[in-house]
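Next comes target16.txt, a file with compact mmCIF, C-alpha atoms.
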# COMPACT_ATOMS: atom_id res chain seq x y z
CA MET A 37 62.54 -22.22 -225.41
CA GLY A 38 61.52 -21.23 -221.88
CA ILE A 39 63.61 -18.10 -221.94
CA TRP A 40 62.07 -16.96 -225.20
CA ALA A 41 58.57 -17.71 -223.88
CA LEU A 42 59.24 -15.53 -220.85
CA ARG A 43 60.55 -12.76 -223.06
CA GLY A 44 57.51 -13.07 -225.27
CA VAL A 45 55.16 -12.68 -222.32
CA THR A 46 57.13 -9.63 -221.13
CA VAL A 47 56.92 -7.98 -224.53
CA ALA A 48 53.20 -8.82 -224.84
CA ILE A 49 52.43 -7.31 -221.42
CA ALA A 50 54.44 -4.19 -222.24
CA LEU A 51 52.57 -3.77 -225.52
CA ILE A 52 49.18 -4.25 -223.83
CA VAL A 53 50.01 -1.67 -221.16
CA LEU A 54 51.27 0.85 -223.71
CA LEU A 55 48.24 0.28 -225.92
CA VAL A 56 45.75 0.72 -223.08
CA ILE A 57 47.43 3.81 -221.63
CA GLY A 58 47.91 5.38 -225.05
CA THR A 59 44.33 4.86 -226.17
CA VAL A 60 42.83 5.97 -222.85
CA VAL A 61 44.91 9.16 -222.73
CA TYR A 62 44.17 9.89 -226.38
CA SER A 63 40.43 9.27 -225.92
CA ALA A 64 40.27 11.41 -222.79
CA TYR A 65 42.02 14.26 -224.57
CA VAL A 66 39.87 14.24 -227.73
CA ASP A 67 36.63 13.77 -225.75
CA TYR A 68 37.51 16.65 -223.45
CA SER A 69 38.42 18.87 -226.41
CA ALA A 70 35.22 17.98 -228.25
CA VAL A 71 32.93 18.61 -225.28
CA LYS A 72 34.75 21.84 -224.44
CA ALA A 73 34.37 23.04 -228.01
CA GLU A 74 30.70 22.06 -227.94
CA LEU A 75 30.02 24.04 -224.77
CA ALA A 76 32.23 27.03 -225.50
CA GLY A 77 31.71 27.25 -229.24
CA GLY A 78 28.24 28.71 -229.01
CA SER A 79 26.52 25.58 -230.21
CA GLN A 80 22.78 26.05 -230.25
CA GLN A 81 22.26 22.54 -228.95
CA ALA A 82 24.17 23.10 -225.74
CA VAL A 83 21.70 25.46 -224.13
CA GLY A 84 19.76 25.80 -220.96
CA ALA A 85 16.33 27.35 -220.60
CA ALA A 86 14.27 28.23 -217.57
CA VAL A 87 10.52 28.50 -218.00
CA LEU A 88 8.40 30.01 -215.25
CA ARG A 89 4.73 29.05 -215.02
CA GLY A 90 3.10 30.57 -212.01
CA VAL A 91 5.45 29.76 -209.16
CA THR A 92 6.87 26.68 -210.83
CA GLU A 93 10.06 26.94 -212.79
CA THR A 94 11.31 24.24 -215.11
CA VAL A 95 14.96 24.26 -216.03
CA SER A 96 15.86 22.39 -219.22
CA ILE A 97 19.39 21.77 -220.30
CA ASN A 98 20.26 20.07 -223.55
CA ILE A 99 23.88 19.20 -224.07
CA THR A 100 25.25 17.55 -227.16
CA VAL A 101 27.90 15.05 -226.17
CA PRO A 102 30.24 14.10 -228.99
CA ASN A 103 32.49 11.07 -228.64
CA LYS A 104 35.57 11.33 -230.79
CA GLY A 105 37.53 8.91 -228.67
CA LEU A 106 38.02 5.19 -228.94
CA TYR A 107 35.94 4.04 -225.97
CA PRO A 108 32.21 4.29 -225.26
CA LEU A 109 31.26 7.32 -223.23
CA ASN A 110 28.54 7.53 -220.63
CA VAL A 111 27.37 10.81 -219.13
CA THR A 112 24.85 10.85 -216.30
CA LEU A 113 23.32 13.77 -214.44
CA THR A 114 21.55 13.18 -211.13
CA CYS A 115 20.41 15.17 -208.18
CA ASP A 116 21.83 13.56 -205.07
CA TYR A 117 19.40 14.86 -202.50
CA PRO A 118 16.38 16.39 -204.19
CA THR A 119 14.50 18.58 -201.79
CA THR A 120 10.71 18.60 -201.50
CA ASN A 121 10.74 21.81 -203.49
CA VAL A 122 13.06 20.65 -206.29
CA VAL A 123 12.46 17.63 -208.48
CA CYS A 124 15.19 16.36 -210.79
CA GLN A 125 15.08 13.79 -213.50
CA ARG A 126 18.02 11.45 -213.66
CA THR A 127 19.28 11.52 -217.19
CA SER A 128 21.92 9.49 -218.92
CA VAL A 129 23.34 9.12 -222.38
CA ASP A 130 25.58 6.45 -223.87
CA VAL A 131 27.66 7.54 -226.80
CA SER A 132 29.51 5.03 -228.89
CA PRO A 133 32.87 5.97 -230.43
CA GLY A 134 32.48 8.31 -233.36
CA GLY A 135 28.88 9.14 -232.50
CA GLN A 136 27.15 11.81 -230.51
CA GLY A 137 24.25 11.91 -228.12
CA VAL A 138 22.08 14.57 -226.54
CA LEU A 139 21.74 14.79 -222.82
CA ARG A 140 18.39 16.25 -221.79
CA PHE A 141 18.25 17.32 -218.20
CA ARG A 142 15.11 18.64 -216.50
CA MET A 143 14.88 20.18 -213.08
CA THR A 144 11.66 21.53 -211.67
CA VAL A 145 11.43 24.03 -208.84
CA LEU A 146 7.90 23.71 -207.52
CA ASP A 147 7.89 27.05 -205.74
CA VAL A 148 10.46 29.58 -206.90
CA SER A 149 9.60 32.14 -204.25
CA GLN A 150 10.23 29.55 -201.55
CA PHE A 151 13.52 28.62 -203.24
CA GLU A 152 14.58 32.26 -203.42
CA SER A 153 13.69 32.97 -199.83
CA SER A 154 15.56 29.97 -198.49
CA SER A 155 18.99 30.72 -197.17
CA ASN A 156 20.40 27.54 -198.65
CA GLN A 157 19.77 27.56 -202.38
CA VAL A 158 21.64 24.35 -202.91
CA VAL A 159 20.61 21.41 -205.04
CA ASN A 160 23.36 18.85 -204.80
CA GLY A 161 23.92 17.27 -208.15
CA THR A 162 26.31 14.84 -209.71
CA VAL A 163 27.77 14.73 -213.15
CA ALA A 164 29.27 11.32 -213.86
CA ILE A 165 31.39 10.85 -216.94
CA SER A 166 32.78 7.42 -217.61
CA MET A 167 34.96 6.21 -220.40
CA GLU A 168 33.96 2.57 -220.36
CA PRO A 169 35.49 0.49 -218.97
CA PHE A 170 38.64 2.14 -217.74
CA VAL A 171 38.05 5.59 -216.25
CA GLY A 172 35.17 7.28 -214.49
CA LEU A 173 34.96 10.85 -213.25
CA VAL A 174 32.28 12.00 -210.84
CA VAL A 175 31.82 15.71 -210.24
CA GLY A 176 29.60 16.76 -207.39
CA THR A 177 28.38 20.31 -207.67
CA ASN A 178 25.49 22.64 -206.93
CA PHE A 179 22.71 22.57 -209.52
CA GLY A 180 20.99 25.41 -207.72
CA GLY A 181 22.85 27.84 -209.97
CA PHE A 182 20.75 26.66 -212.91
CA VAL A 183 17.65 28.16 -211.34
CA LYS A 184 17.07 31.69 -212.59
CA THR A 185 15.89 33.48 -209.50
CA GLY A 186 13.47 36.27 -210.19
CA GLY A 187 11.94 34.40 -213.08
CA ALA A 188 13.25 33.20 -216.46
CA MET B 785 74.62 -11.38 -219.53
CA TYR B 786 74.86 -13.85 -216.69
CA ASP B 787 78.22 -13.72 -215.05
CA GLN B 788 79.23 -16.70 -212.97
CA THR B 789 82.37 -15.11 -211.59
CA ILE B 790 81.33 -11.85 -210.02
CA THR B 791 84.01 -10.55 -207.73
CA THR B 792 83.30 -9.17 -204.28
CA ARG B 793 84.63 -5.83 -205.41
CA LYS B 794 82.13 -5.77 -208.26
CA ARG B 795 79.31 -6.75 -205.91
CA ILE B 796 80.14 -3.91 -203.56
CA SER B 797 80.37 -1.39 -206.38
CA SER B 798 76.99 -2.59 -207.74
CA ALA B 799 75.46 -2.28 -204.28
CA VAL B 800 76.87 1.22 -203.79
CA TRP B 801 75.62 2.25 -207.21
CA ALA B 802 72.14 0.83 -206.42
CA PHE B 803 72.16 2.69 -203.12
CA VAL B 804 73.08 6.02 -204.71
CA VAL B 805 70.55 5.73 -207.53
CA ASN B 806 67.69 4.61 -205.27
CA ALA B 807 68.51 7.14 -202.56
CA ILE B 808 68.33 9.92 -205.14
CA PHE B 809 65.12 8.58 -206.62
CA TRP B 810 63.27 7.73 -203.40
CA ILE B 811 64.65 10.20 -200.84
CA VAL B 812 66.38 13.19 -202.46
CA ILE B 813 63.91 13.89 -205.27
CA PRO B 814 60.76 13.55 -203.06
CA TYR B 815 62.40 15.77 -200.43
CA TYR B 816 63.15 18.56 -202.91
CA VAL B 817 59.70 18.18 -204.49
CA GLY B 818 58.27 18.72 -200.99
CA VAL B 819 60.48 21.77 -200.45
CA PHE B 820 59.45 23.14 -203.84
CA LEU B 821 55.74 22.61 -203.16
CA SER B 822 55.82 24.15 -199.70
CA GLY B 823 57.80 27.10 -201.09
CA ARG B 824 55.37 27.70 -203.93
CA VAL B 825 52.18 27.32 -201.91
CA PRO B 826 53.16 28.02 -198.27
CA GLU B 827 49.62 28.07 -196.90
CA SER B 828 48.60 24.78 -198.47
CA ALA B 829 49.01 21.32 -197.03
CA LEU B 830 50.87 20.10 -200.11
CA THR B 831 53.61 17.89 -198.74
CA VAL B 832 55.21 14.63 -199.70
CA PRO B 833 53.54 11.91 -197.63
CA THR B 834 55.71 10.03 -195.16
CA PHE B 835 54.92 6.70 -196.79
CA VAL B 836 57.02 7.75 -199.81
CA TYR B 837 60.12 7.78 -197.60
CA GLU B 838 59.10 4.59 -195.81
CA PHE B 839 58.64 2.77 -199.09
CA GLY B 840 61.83 4.40 -200.31
CA ILE B 841 63.84 2.86 -197.48
CA LEU B 842 62.39 -0.57 -198.26
CA PHE B 843 63.16 -0.14 -201.94
CA ILE B 844 66.74 0.89 -201.16
CA VAL B 845 67.32 -2.10 -198.86
CA LEU B 846 65.92 -4.58 -201.38
CA GLU B 847 67.63 -3.04 -204.40
CA VAL B 848 70.98 -2.89 -202.63
CA GLY B 849 70.54 -6.52 -201.54
CA ALA B 850 69.62 -7.62 -205.04
CA ALA B 851 72.61 -5.77 -206.46
CA PHE B 852 75.01 -7.21 -203.89
CA PHE B 853 73.81 -10.78 -204.39
CA ARG B 854 73.62 -10.39 -208.16
CA GLY B 855 74.15 -13.73 -209.83
CA ARG B 856 73.04 -15.78 -206.82
CA ALA B 857 69.79 -17.48 -205.95
CA VAL B 858 69.28 -15.26 -202.91
CA ALA B 859 68.80 -12.27 -205.23
CA VAL B 860 65.67 -13.84 -206.77
CA PRO B 861 63.30 -13.22 -203.82
CA MET B 862 64.69 -9.71 -203.51
CA ILE B 863 63.91 -8.96 -207.14
CA SER B 864 60.41 -10.37 -206.69
CA ALA B 865 59.97 -8.40 -203.48
CA VAL B 866 60.91 -5.16 -205.24
CA ALA B 867 58.32 -5.89 -207.92
CA LEU B 868 55.62 -6.71 -205.37
CA LEU B 869 56.52 -3.64 -203.33
CA THR B 870 56.10 -1.57 -206.49
CA VAL B 871 52.57 -2.97 -206.86
CA ILE B 872 51.74 -2.13 -203.26
CA TYR B 873 53.29 1.33 -203.62
CA ILE B 874 51.29 2.15 -206.77
CA TRP B 875 48.10 0.85 -205.14
CA TYR B 876 48.72 2.83 -201.99
CA ALA B 877 49.73 6.03 -203.79
CA THR B 878 46.62 5.99 -205.96
CA ASN B 879 44.28 4.94 -203.14
CA GLY B 880 43.33 1.80 -205.01
CA GLY B 881 42.43 3.70 -208.15
CA VAL B 882 39.92 6.02 -206.49
CA LEU B 883 41.11 9.58 -206.05
CA GLY B 884 38.98 12.38 -204.71
CA VAL B 885 39.37 16.07 -204.09
CA GLU B 886 37.02 18.75 -202.79
CA THR B 887 37.43 22.41 -203.55
CA SER B 888 35.11 25.42 -203.65
CA GLY B 889 32.01 23.31 -203.09
CA ILE B 890 32.85 20.97 -205.94
CA THR B 891 33.84 17.40 -205.33
CA LEU B 892 35.81 15.45 -207.89
CA ALA B 893 36.22 11.69 -207.77
CA LEU B 894 38.28 9.82 -210.31
CA ASN B 895 37.83 6.07 -210.52
CA PHE B 896 40.40 4.20 -212.60
CA ARG B 897 40.66 0.85 -210.84
CA LEU B 898 40.66 -1.22 -214.02
CA MET B 899 43.34 1.04 -215.42
CA LEU B 900 45.31 0.47 -212.25
CA TYR B 901 45.15 -3.30 -212.76
CA VAL B 902 46.69 -2.74 -216.17
CA LEU B 903 49.35 -0.45 -214.70
CA VAL B 904 50.48 -2.96 -212.08
CA LEU B 905 50.47 -5.87 -214.52
CA PRO B 906 54.15 -5.45 -215.55
CA SER B 907 55.24 -5.41 -211.90
CA ILE B 908 53.20 -8.52 -211.07
CA TRP B 909 54.72 -10.26 -214.07
CA ALA B 910 58.20 -9.13 -212.99
CA ALA B 911 57.61 -10.72 -209.58
CA ILE B 912 56.62 -13.99 -211.23
CA ARG B 913 59.25 -13.86 -213.95
CA ALA B 914 62.25 -13.62 -211.62
CA PRO B 915 61.85 -17.11 -210.07
CA LEU B 916 60.68 -18.57 -213.39
CA SER B 917 63.75 -17.24 -215.16
CA TYR B 918 65.92 -18.66 -212.44
CA LEU B 919 64.28 -22.07 -212.77
CA VAL B 920 64.62 -22.00 -216.55
CA TRP B 921 68.25 -21.01 -216.29
CA ARG B 922 68.90 -23.71 -213.68
CA ARG B 923 67.29 -26.35 -215.85
CA ALA B 924 69.36 -25.21 -218.81
CA MET B 925 72.49 -25.41 -216.68
CA LYS B 926 71.68 -28.96 -215.63
CA ALA B 927 70.97 -29.90 -219.22
CA GLY B 928 74.21 -28.22 -220.26
CA VAL B 929 72.74 -25.84 -222.82
CA PRO B 930 75.36 -23.09 -223.30
CA SER B 931 73.13 -20.89 -225.46
CA ALA B 932 70.49 -20.76 -222.74
CA ILE B 933 73.11 -19.80 -220.20
CA ALA B 934 74.56 -17.12 -222.46
CA THR B 935 71.16 -15.58 -223.17
CA SER B 936 69.75 -15.77 -219.67
CA PRO B 937 67.15 -12.97 -219.46
CA VAL B 938 67.66 -12.29 -215.78
CA PRO B 939 71.32 -11.73 -214.99
CA GLU B 940 70.52 -11.10 -211.34
CA SER B 941 68.87 -14.43 -210.76
CA GLY B 942 71.77 -16.79 -211.10
CA SER B 943 73.48 -19.07 -208.63
CA PRO B 944 76.97 -20.47 -208.24
CA PRO B 945 77.88 -22.68 -211.19
CA LEU B 946 76.47 -26.16 -211.00
CA PRO B 947 78.58 -29.16 -211.88
CA GLN B 948 78.34 -30.03 -215.55
CA LYS B 949 77.23 -33.52 -216.45
Let me see whether you can do it: turn the structure in this file into structure tokens.
Amino acid sequence: MGIWALRGVTVAIALIVLLVIGTVVYSAYVDYSAVKAELAGGSQQAVGAAVLRGVTETVSINITVPNKGLYPLNVTLTCDYPTTNVVCQRTSVDVSPGGQGVLRFRMTVLDVSQFESSSNQVVNGTVAISMEPFVGLVVGTNFGGFVKTGGA
Amino acid sequence: MYDQTITTRKRISSAVWAFVVNAIFWIVIPYYVGVFLSGRVPESALTVPTFVYEFGILFIVLEVGAAFFRGRAVAVPMISAVALLTVIYIWYATNGGVLGVETSGITLALNFRLMLYVLVLPSIWAAIRAPLSYLVWRRAMKAGVPSAIATSPVPESGSPPLPQK
């Protein structure tokens, strides 16, 4: 009896581990493929626009985030250290499995000429993608590239 | 299958076999992976960390001990120690489930701690199962249940035959 109970627990643990790893890897793969196709496929929803009004430029980025995986997906965009000249809106979207959400990111450069003239045109930003509850990926990059210098 | 009459010759051959297999796995393969990496990308700092060899030596010692004392109670803590060492090794190698890299002004951080808990679960269970299996087997021996003895799930965790009642 005891021996079979121990064997049963071993088999159960092995199945749980295989199930979790399999579903996480599968979900990561299909989510990555879907987002890549969305961004590279010329989708009209995954676009960025820069509007210049006077010296103020507003950068808008709308990204459709499909979730074809098995776990809920959360995507968050934030500016880590907004400067006095650049204002970012933290934006986040939760996408349940099988659904899709739109991530709307806004970044405002209060004075483009000042931004252009500065030697350090860096706006540190973070893209956080998490496949709840198992895996999270945080990408820190420069959002300054979104700003169209010289106007929109 | 649990074998109550393991000869010294068989113990030594098991230990030698365990040594060879583990030395290849923990020393030889990492070494050649390091040589390969440094040959492919000479200017990079891609090398096999020293802790791989340090853990490798511990694994070899414990595995050889467990193989030599196969079928005796003294092998049980060695089997558990190997399992626990595996947990520590995985935790250490993955930096506790938080890996980061920085390249070309982009930083990447991967957090998979919960996934790591799942990954180390079999090893934690293996560490617990070894003494439990031994206790179950010992109880079956005392009760004189031949089927339990014949189907003992952990052949390494035995002890010298106990007197039958």
By how many Å are atom CA of A:Leu54 and atom CA of B:Tyr901 apart? 13.2 Å
From A:Val145, A:Leu109, A:Val171, A:Leu51, residue lying nearest chain B [all atoms listed in the file]: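 The closest residue to chain B is A:Val171.
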Give as a VMD selection string every residue of chain B that touches chain A within 6 Å, counting only C-alpha atoms. chain B and resid 890 to 896 898 to 899
Might you pull out every residue within 12 Å of B:Thr792, with all atoms listed in the file counted and same-chain residues fewer than 4 positions away left off, and present them as an MDAnalysis selection string? chainID B and resid 796:799 851:855
Could you turn the residues from that selection into a file that holds C-alpha atoms, as a compact mmCIF listing (two decimals), in the coordinates of the input?
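Contents of selection_14.txt, freshly written:
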# COMPACT_ATOMS: atom_id res chain seq x y z
CA ILE B 796 80.14 -3.91 -203.56
CA SER B 797 80.37 -1.39 -206.38
CA SER B 798 76.99 -2.59 -207.74
CA ALA B 799 75.46 -2.28 -204.28
CA ALA B 851 72.61 -5.77 -206.46
CA PHE B 852 75.01 -7.21 -203.89
CA PHE B 853 73.81 -10.78 -204.39
CA ARG B 854 73.62 -10.39 -208.16
CA GLY B 855 74.15 -13.73 -209.83
Extract, using all atoms listed in the file, all DNA, RNA and protein residues at most 12 Å from A:Tyr62, discarding same-chain residues fewer than 6 positions from it, and format them as a ChimeraX atom specification. /A:54-56,68-69,103-107,167
Nearest to B:Arg795: which of B:Gly849, B:Gly880, B:Pro906, B:Pro915 is it, counting all atoms listed in the file? B:Gly849
Any idea what's packed within 7 Å of A:Asp147, counting only C-alpha atoms, ignoring anything in its chain fewer than 5 positions away? Could you give it as a PDB file with C-alpha atoms, in the frame of the given file?
ATOM      1  CA  VAL A  91       5.450  29.760-209.160  1.00  0.00           C
ATOM      2  CA  THR A  92       6.870  26.680-210.830  1.00  0.00           C
ATOM      3  CA  ASN A 121      10.740  21.810-203.490  1.00  0.00           C
TER       4      ASN A 121
END
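Candidate residues A:Asn110, A:Ser63, A:Thr119, A:Ser149 were compared for distance to A:Gly90, and the nearest is A:Ser149, using all atoms listed in the file.
Between B:Pro861 and the residues B:Arg923, B:Arg897, B:Arg793, B:Arg913, the shortest atom-to-atom distance, using only C-alpha atoms, involves B:Arg913.
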Would you kindly identify which residues have an atom no farther than 10 Å from (14.3, 23.7, -219.6), using all atoms listed in the file and the file's own coordinates, and write them out as a list in words?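 Those residues lying close to the given coordinates are Val83, Gly84, Ala85, Ala86, Val87, Leu88, Glu93, Thr94, Val95, Ser96, Ile97, Asn98, Arg140, Phe141, Arg142, Met143, Thr144, Phe182 and Val183 of chain A.
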With all atoms listed in the file counted, which protein, DNA or RNA residues have an atom no more than 9 Å from (54.4, 2.4, -201.4) in the file frame? Please answer as a ChimeraX atom specification. /B:835-840,869-877
Keeping only C-alpha atoms, write the selected residues as a PDB file, in the coordinates of the input.
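Final output, saved to part.pdb:
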ATOM      1  CA  PHE B 835      54.920   6.700-196.790  1.00  0.00           C
ATOM      2  CA  VAL B 836      57.020   7.750-199.810  1.00  0.00           C
ATOM      3  CA  TYR B 837      60.120   7.780-197.600  1.00  0.00           C
ATOM      4  CA  GLU B 838      59.100   4.590-195.810  1.00  0.00           C
ATOM      5  CA  PHE B 839      58.640   2.770-199.090  1.00  0.00           C
ATOM      6  CA  GLY B 840      61.830   4.400-200.310  1.00  0.00           C
ATOM      7  CA  LEU B 869      56.520  -3.640-203.330  1.00  0.00           C
ATOM      8  CA  THR B 870      56.100  -1.570-206.490  1.00  0.00           C
ATOM      9  CA  VAL B 871      52.570  -2.970-206.860  1.00  0.00           C
ATOM     10  CA  ILE B 872      51.740  -2.130-203.260  1.00  0.00           C
ATOM     11  CA  TYR B 873      53.290   1.330-203.620  1.00  0.00           C
ATOM     12  CA  ILE B 874      51.290   2.150-206.770  1.00  0.00           C
ATOM     13  CA  TRP B 875      48.100   0.850-205.140  1.00  0.00           C
ATOM     14  CA  TYR B 876      48.720   2.830-201.990  1.00  0.00           C
ATOM     15  CA  ALA B 877      49.730   6.030-203.790  1.00  0.00           C
TER      16      ALA B 877
END
Which value, in Å to one decimal, gives the distance between atom CA of B:Phe820 and atom CA of B:Ala802? 25.8 Å
